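So this one's coords.txt, compact mmCIF, C-alpha atoms:
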# COMPACT_ATOMS: atom_id res chain seq x y z
CA GLY A 6 4.77 15.12 12.01
CA GLN A 7 3.33 13.21 9.10
CA SER A 8 -0.26 12.04 9.18
CA LEU A 9 -3.17 11.01 7.01
CA GLU A 10 -6.64 11.16 8.53
CA GLN A 11 -9.66 9.27 7.22
CA PRO A 12 -12.82 8.01 8.92
CA SER A 13 -12.56 4.55 10.44
CA GLU A 14 -15.87 3.19 9.20
CA VAL A 15 -18.76 4.06 6.93
CA THR A 16 -21.98 2.09 6.52
CA ALA A 17 -24.37 2.51 3.61
CA VAL A 18 -27.05 0.60 1.72
CA GLU A 19 -26.76 -0.86 -1.75
CA GLY A 20 -27.20 1.76 -4.45
CA ALA A 21 -26.18 4.63 -2.19
CA ILE A 22 -23.26 7.05 -2.57
CA VAL A 23 -20.41 7.18 -0.08
CA GLN A 24 -17.69 9.81 0.24
CA ILE A 25 -14.46 9.01 2.11
CA ASN A 26 -12.49 12.09 3.08
CA CYS A 27 -8.74 12.18 3.56
CA THR A 28 -6.68 15.00 4.99
CA TYR A 29 -2.92 14.76 4.99
CA GLN A 30 0.15 16.37 6.42
CA THR A 31 3.37 15.04 4.93
CA SER A 32 6.89 16.30 4.32
CA GLY A 33 6.66 15.68 0.58
CA PHE A 34 3.72 15.52 -1.79
CA TYR A 35 3.63 14.28 -5.36
CA GLY A 36 0.07 12.96 -5.48
CA LEU A 37 -2.74 11.14 -3.68
CA SER A 38 -3.72 7.55 -4.41
CA TRP A 39 -6.60 5.37 -3.34
CA TYR A 40 -6.47 1.62 -2.78
CA GLN A 41 -9.11 -0.98 -1.99
CA GLN A 42 -8.37 -4.02 0.14
CA HIS A 43 -10.70 -6.91 0.85
CA ASP A 44 -10.10 -8.90 4.03
CA GLY A 45 -6.69 -10.56 3.87
CA GLY A 46 -6.20 -9.61 0.24
CA ALA A 47 -3.81 -7.46 -1.74
CA PRO A 48 -4.43 -3.72 -1.94
CA THR A 49 -5.65 -2.87 -5.42
CA PHE A 50 -5.24 0.50 -7.08
CA LEU A 51 -8.39 2.55 -7.60
CA SER A 52 -7.40 6.10 -8.49
CA TYR A 53 -4.67 8.72 -8.48
CA ASN A 54 -4.73 12.51 -8.36
CA GLY A 55 -1.55 14.36 -9.19
CA LEU A 56 -3.29 17.64 -9.90
CA ASP A 57 -6.21 19.44 -8.28
CA GLY A 58 -9.61 18.37 -9.44
CA LEU A 59 -11.76 15.35 -10.06
CA GLU A 60 -10.76 12.05 -11.63
CA GLU A 61 -13.53 9.67 -12.66
CA THR A 62 -13.13 5.94 -13.20
CA GLY A 63 -16.43 4.17 -13.63
CA ARG A 64 -18.40 4.19 -10.36
CA PHE A 65 -15.43 5.63 -8.47
CA SER A 66 -14.26 9.24 -8.49
CA SER A 67 -11.46 10.91 -6.60
CA PHE A 68 -10.82 14.56 -5.84
CA LEU A 69 -7.78 16.50 -4.70
CA SER A 70 -7.24 20.00 -3.36
CA ARG A 71 -3.53 20.59 -2.79
CA SER A 72 -4.09 23.95 -1.13
CA ASP A 73 -6.36 22.32 1.48
CA SER A 74 -4.26 19.13 1.80
CA TYR A 75 -7.52 17.29 1.25
CA GLY A 76 -8.93 14.65 -1.01
CA TYR A 77 -11.88 12.32 -1.19
CA LEU A 78 -12.99 9.11 -2.82
CA LEU A 79 -16.58 8.91 -4.03
CA LEU A 80 -18.18 5.51 -4.43
CA GLN A 81 -21.42 5.59 -6.41
CA GLU A 82 -24.11 2.96 -6.94
CA LEU A 83 -22.74 0.92 -4.08
CA GLN A 84 -22.69 -2.85 -4.51
CA MET A 85 -22.22 -5.56 -1.90
CA LYS A 86 -18.81 -6.34 -3.37
CA ASP A 87 -17.69 -2.82 -2.47
CA SER A 88 -17.58 -3.86 1.20
CA ALA A 89 -13.85 -3.52 1.89
CA SER A 90 -11.22 -1.24 3.41
CA TYR A 91 -10.27 1.87 1.47
CA PHE A 92 -6.94 3.58 1.97
CA CYS A 93 -5.76 6.98 0.91
CA ALA A 94 -2.02 7.10 0.33
CA VAL A 95 0.31 9.99 -0.31
CA ASN A 96 2.98 9.59 -2.96
CA PRO A 97 5.76 11.75 -1.43
CA ASP A 98 7.71 11.54 -4.69
CA SER A 99 7.54 9.84 -8.07
CA TRP A 100 9.11 6.65 -6.73
CA GLY A 101 6.04 5.21 -5.03
CA LYS A 102 7.11 5.09 -1.40
CA LEU A 103 3.49 5.33 -0.36
CA GLN A 104 2.38 6.66 3.00
CA PHE A 105 -0.98 5.12 3.84
CA GLY A 106 -3.77 6.24 6.09
CA ALA A 107 -5.26 3.80 8.61
CA GLY A 108 -8.08 2.94 6.23
CA THR A 109 -11.85 3.28 6.12
CA GLN A 110 -13.97 0.16 6.49
CA VAL A 111 -16.95 0.45 4.14
CA VAL A 112 -19.87 -1.80 5.03
CA VAL A 113 -22.58 -2.15 2.41
CA THR A 114 -25.92 -3.49 3.64
CA PRO A 115 -28.82 -4.83 1.56
CA GLU B 27 1.72 -10.97 -17.87
CA THR B 28 2.06 -12.35 -14.34
CA GLY B 29 1.30 -10.32 -11.23
CA VAL B 30 3.30 -10.03 -8.04
CA THR B 31 3.75 -13.30 -6.18
CA GLN B 32 4.90 -13.68 -2.60
CA SER B 33 6.01 -16.70 -0.64
CA PRO B 34 5.27 -18.18 1.74
CA THR B 35 1.64 -17.15 2.29
CA HIS B 36 1.73 -17.88 6.01
CA LEU B 37 4.57 -18.33 8.48
CA ILE B 38 4.88 -18.89 12.21
CA LYS B 39 8.17 -18.06 13.90
CA THR B 40 9.45 -17.88 17.46
CA ARG B 41 10.65 -14.66 19.03
CA GLY B 42 14.38 -14.16 18.36
CA GLN B 43 14.40 -16.18 15.17
CA GLN B 44 15.17 -14.88 11.68
CA VAL B 45 12.85 -14.96 8.67
CA THR B 46 13.16 -14.46 4.90
CA LEU B 47 10.19 -13.47 2.78
CA ARG B 48 10.24 -13.56 -1.01
CA CYS B 49 8.65 -11.53 -3.76
CA SER B 50 8.59 -11.98 -7.53
CA SER B 51 7.75 -8.71 -9.18
CA GLN B 52 5.44 -8.21 -12.13
CA SER B 53 7.12 -8.86 -15.46
CA GLY B 54 9.24 -5.88 -16.51
CA HIS B 55 8.94 -4.05 -13.19
CA ASN B 56 12.38 -3.13 -11.85
CA THR B 57 11.28 -1.39 -8.65
CA VAL B 58 10.10 -3.30 -5.59
CA SER B 59 8.78 -1.83 -2.36
CA TRP B 60 8.04 -3.67 0.88
CA TYR B 61 5.33 -2.76 3.38
CA GLN B 62 4.30 -4.00 6.82
CA GLN B 63 0.59 -4.02 7.62
CA ALA B 64 -0.41 -4.65 11.22
CA LEU B 65 -3.95 -5.84 11.85
CA GLY B 66 -6.46 -3.03 11.37
CA GLN B 67 -3.84 -0.57 10.14
CA GLY B 68 -2.65 0.78 6.82
CA PRO B 69 0.53 -0.55 5.21
CA GLN B 70 3.74 1.06 6.45
CA PHE B 71 6.63 1.57 4.01
CA ILE B 72 9.73 -0.46 4.93
CA PHE B 73 12.07 0.11 1.99
CA GLN B 74 12.32 0.17 -1.77
CA TYR B 75 14.80 -1.42 -4.19
CA TYR B 76 15.60 -0.20 -7.68
CA ARG B 77 18.05 -2.07 -9.89
CA GLU B 78 19.41 -4.02 -6.90
CA GLU B 79 20.12 -0.91 -4.79
CA GLU B 80 18.14 0.34 -1.79
CA ASN B 81 16.28 3.46 -2.91
CA GLY B 82 14.76 4.76 0.29
CA ARG B 83 13.82 3.41 3.68
CA GLY B 84 11.01 4.02 6.12
CA ASN B 85 11.20 4.16 9.91
CA PHE B 86 12.25 0.56 10.50
CA PRO B 87 15.30 -0.69 12.44
CA PRO B 88 18.35 -2.21 10.71
CA ARG B 89 17.24 -5.73 11.59
CA PHE B 90 14.89 -5.30 8.63
CA SER B 91 17.03 -5.76 5.53
CA GLY B 92 16.48 -6.60 1.91
CA LEU B 93 17.91 -7.72 -1.37
CA GLN B 94 16.93 -7.36 -4.98
CA PHE B 95 18.25 -9.79 -7.57
CA PRO B 96 19.15 -9.23 -11.25
CA ASN B 97 15.77 -10.66 -12.28
CA TYR B 98 14.17 -7.99 -10.01
CA SER B 99 12.81 -10.48 -7.51
CA SER B 100 13.37 -9.46 -3.92
CA GLU B 101 13.77 -10.72 -0.38
CA LEU B 102 12.89 -9.18 2.96
CA ASN B 103 14.92 -10.44 5.92
CA VAL B 104 14.01 -9.79 9.52
CA ASN B 105 16.44 -10.72 12.28
CA ALA B 106 15.79 -11.10 16.01
CA LEU B 107 12.05 -11.34 15.55
CA GLU B 108 9.83 -9.56 18.07
CA LEU B 109 6.17 -10.16 18.85
CA ASP B 110 5.32 -6.78 17.28
CA ASP B 111 6.70 -8.00 13.96
CA SER B 112 3.55 -10.08 13.57
CA ALA B 113 1.87 -8.57 10.52
CA LEU B 114 1.02 -8.96 6.84
CA TYR B 115 4.08 -8.18 4.73
CA LEU B 116 3.31 -6.86 1.29
CA CYS B 117 5.50 -6.17 -1.68
CA ALA B 118 4.60 -3.93 -4.57
CA SER B 119 6.31 -3.61 -7.93
CA SER B 120 6.38 -0.83 -10.45
CA LEU B 121 8.30 0.88 -13.17
CA PRO B 122 9.92 4.07 -11.86
CA LEU B 123 8.27 7.38 -12.64
CA THR B 124 5.17 5.75 -14.15
CA GLY B 125 3.64 3.92 -11.23
CA ALA B 126 1.84 6.85 -9.68
CA ASP B 127 -0.62 7.33 -12.51
CA TYR B 128 -1.28 3.66 -13.07
CA GLY B 129 -0.93 2.39 -9.53
CA TYR B 130 1.39 -0.09 -7.96
CA THR B 131 0.78 -3.83 -8.15
CA PHE B 132 0.72 -5.50 -4.75
CA GLY B 133 1.17 -9.13 -3.95
CA SER B 134 -1.25 -10.91 -1.63
CA GLY B 135 1.31 -10.82 1.13
CA THR B 136 2.92 -13.10 3.69
CA ARG B 137 1.13 -13.38 7.02
CA LEU B 138 3.88 -13.62 9.68
CA THR B 139 3.01 -14.63 13.20
CA VAL B 140 5.69 -14.38 15.90
CA VAL B 141 5.03 -16.40 19.06
What is this structure when it is put down as C-alpha cells?
Amino acid sequence: GQSLEQPSEVTAVEGAIVQINCTYQTSGFYGLSWYQQHDGGAPTFLSYNGLDGLEETGRFSSFLSRSDSYGYLLLQELQMKDSASYFCAVNPDSWGKLQFGAGTQVVVTP
Amino acid sequence: ETGVTQSPTHLIKTRGQQVTLRCSSQSGHNTVSWYQQALGQGPQFIFQYYREEENGRGNFPPRFSGLQFPNYSSELNVNALELDDSALYLCASSLPLTGADYGYTFGSGTRLTVV
C-alpha cells in the first residue's frame, strides 16, 4: 500500500529547534514537498527535495534520503507564528498529484 | 498576479443533493488539482485537469467530477452527497513540470458541510 508517516504532534518553546520526520511508501516517487497550514487556511509551500540532501530556506531546512524513503523538515528559531500543521507530501510524478501525510501539529509555547 | 480563489467559502447541503465548487487558478497556470481534506487529516488528491482534460484521478467515486474551462478556471461537482463528503475542498494551480520545485499554489478552500 501507499503511506506517509509523520508524528501527530510536537510541542516546543520559542527559540527551539524542531525536526519533523516523514517516512513514505508510495508507488511512484519524484520528490518530497513540505507544506504549512494554519487552522482553516490554505496549505502554503515550504520546501521541496528532488534529490538526496539538505535544502535550506531561511529558518526552515528539509532533507531527503531516497534510499531510506525518509525525509525531515527542520524548523529553527521557533516563533509563535510557526504554530501550525506541517505536511509532508510525495510528488509521485512531475505533475503535482501530491500524496499528503496526515500532518504534524506543531505547538509553540512561550 | 492574483492567487488561487475559490467560491463559495462555506456551504451547507443536505444528503443526496448535488454541489458545484469553483476555482480560479493563478494567472498563467494551466493545471488545476482538487483535494479533499477531512478534519484533522491531510489533503487527499481527487483529480487534476490540464488544458481542459482530466490528467489523473485519485481514489474517488465517479460521483466526483470536474471541468476545466478555456481560461483554466475549474469546477468540482459532487452528486448524491453523503455525510462523509463533509470536508474542506482545496484546489491548487501550477504550470506543468515546474511546480514541484516552486510549490503549488492552493486556494483557501470551500468548507462543505453535508447534513
Using all atoms listed in the file, can you list as a tab-separated table (two decimals) with C-alpha atoms, keeping the file's coordinate frame the residues within 9 Å of (-11.7, 12.7, 6.9)?
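Here's the written file out24.tsv:
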chain	number	residue	atom	x	y	z
A	9	LEU	CA	-3.17	11.01	7.01
A	10	GLU	CA	-6.64	11.16	8.53
A	11	GLN	CA	-9.66	9.27	7.22
A	12	PRO	CA	-12.82	8.01	8.92
A	13	SER	CA	-12.56	4.55	10.44
A	25	ILE	CA	-14.46	9.01	2.11
A	26	ASN	CA	-12.49	12.09	3.08
A	27	CYS	CA	-8.74	12.18	3.56
A	28	THR	CA	-6.68	15.00	4.99
A	75	TYR	CA	-7.52	17.29	1.25
A	76	GLY	CA	-8.93	14.65	-1.01
A	77	TYR	CA	-11.88	12.32	-1.19
Using only C-alpha atoms, find each residue in chain B having at least one atom no more than 9 Å away from chain A; report its shortest atom-to-atom pair and that distance in Å (one decimal), rows by chain then rising number, as CSV.
residue,atom,partner,partner_atom,distance
B:Thr57,CA,A:Trp100,CA,8.5
B:Ser59,CA,A:Lys102,CA,7.2
B:Gly66,CA,A:Ala107,CA,7.5
B:Gln67,CA,A:Ala107,CA,4.8
B:Gly68,CA,A:Ala107,CA,4.4
B:Pro69,CA,A:Phe105,CA,6.0
B:Gln70,CA,A:Gln104,CA,6.7
B:Phe71,CA,A:Lys102,CA,6.5
B:Ile72,CA,A:Lys102,CA,8.8
B:Phe73,CA,A:Lys102,CA,7.8
B:Gln74,CA,A:Lys102,CA,7.2
B:Asn81,CA,A:Trp100,CA,8.7
B:Gly82,CA,A:Lys102,CA,7.8
B:Arg83,CA,A:Lys102,CA,8.6
B:Gly84,CA,A:Lys102,CA,8.5
B:Leu114,CA,A:Gly45,CA,8.4
B:Leu116,CA,A:Ala47,CA,7.8
B:Ser120,CA,A:Gly101,CA,8.1
B:Leu121,CA,A:Trp100,CA,8.7
B:Pro122,CA,A:Trp100,CA,5.8
B:Leu123,CA,A:Ser99,CA,5.2
B:Thr124,CA,A:Ser99,CA,7.7
B:Gly125,CA,A:Gly101,CA,6.8
B:Ala126,CA,A:Gly101,CA,6.5
B:Asp127,CA,A:Tyr53,CA,5.9
B:Tyr128,CA,A:Tyr53,CA,7.6
B:Gly129,CA,A:Phe50,CA,5.3
B:Tyr130,CA,A:Phe50,CA,6.7
B:Thr131,CA,A:Thr49,CA,7.1
B:Phe132,CA,A:Ala47,CA,5.8
B:Gly133,CA,A:Ala47,CA,5.7
B:Ser134,CA,A:Ala47,CA,4.3
B:Gly135,CA,A:Ala47,CA,6.8
B:Arg137,CA,A:Gly45,CA,8.9
Exercise for review: Using only C-alpha atoms, give me every residue within 10 Å of (2.0, -14.5, -6.7) in file coordinates, as a list in words.
Suggested key: Thr28, Gly29, Val30, Thr31, Gln32, Ser33, Pro34, Thr35, Cys49, Ser50, Ser51, Gln52, Phe132, Gly133, Ser134 and Gly135 of chain B
Practice item. Mind checking which residues fall within 12 Å of Val140 (chain B), counting only C-alpha atoms, ignoring those fewer than 3 positions away in the same chain, and posting them as a PyMOL selection string? Key: chain B and resi 36-45+104-114+137
Review point. CA of Tyr29 (chain A) and CA of Ser66 (chain A) are how many Å apart?
Key: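 These two atoms are separated by 18.5 Å.
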Check your understanding: So what do you get for CA of Leu78 (chain A) versus CA of Leu59 (chain A), distance-wise?
Key -> 9.6 Å
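Interatomic distance, CA of His43 (chain A) against CA of Asp87 (chain A): 8.8 Å.
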Given 3 Å on each side, where is the centre and what are the edge lengths in Å to one decimal of the axis-aligned box enclosing the listed atoms of region 40-48 of chain A, as JSON?
{"center_x": -7.3, "center_y": -4.5, "center_z": 0.6, "size_x": 12.9, "size_y": 18.2, "size_z": 12.8}
Exercise for review: Pick out the closest residue to Gln41 (chain A) from this set: A:Arg71, A:Ala89, A:Gly58, A:Ala21. Count all atoms listed in the file.
Suggested key: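 For Gln41 (chain A), the nearest of the candidates is A:Ala89.
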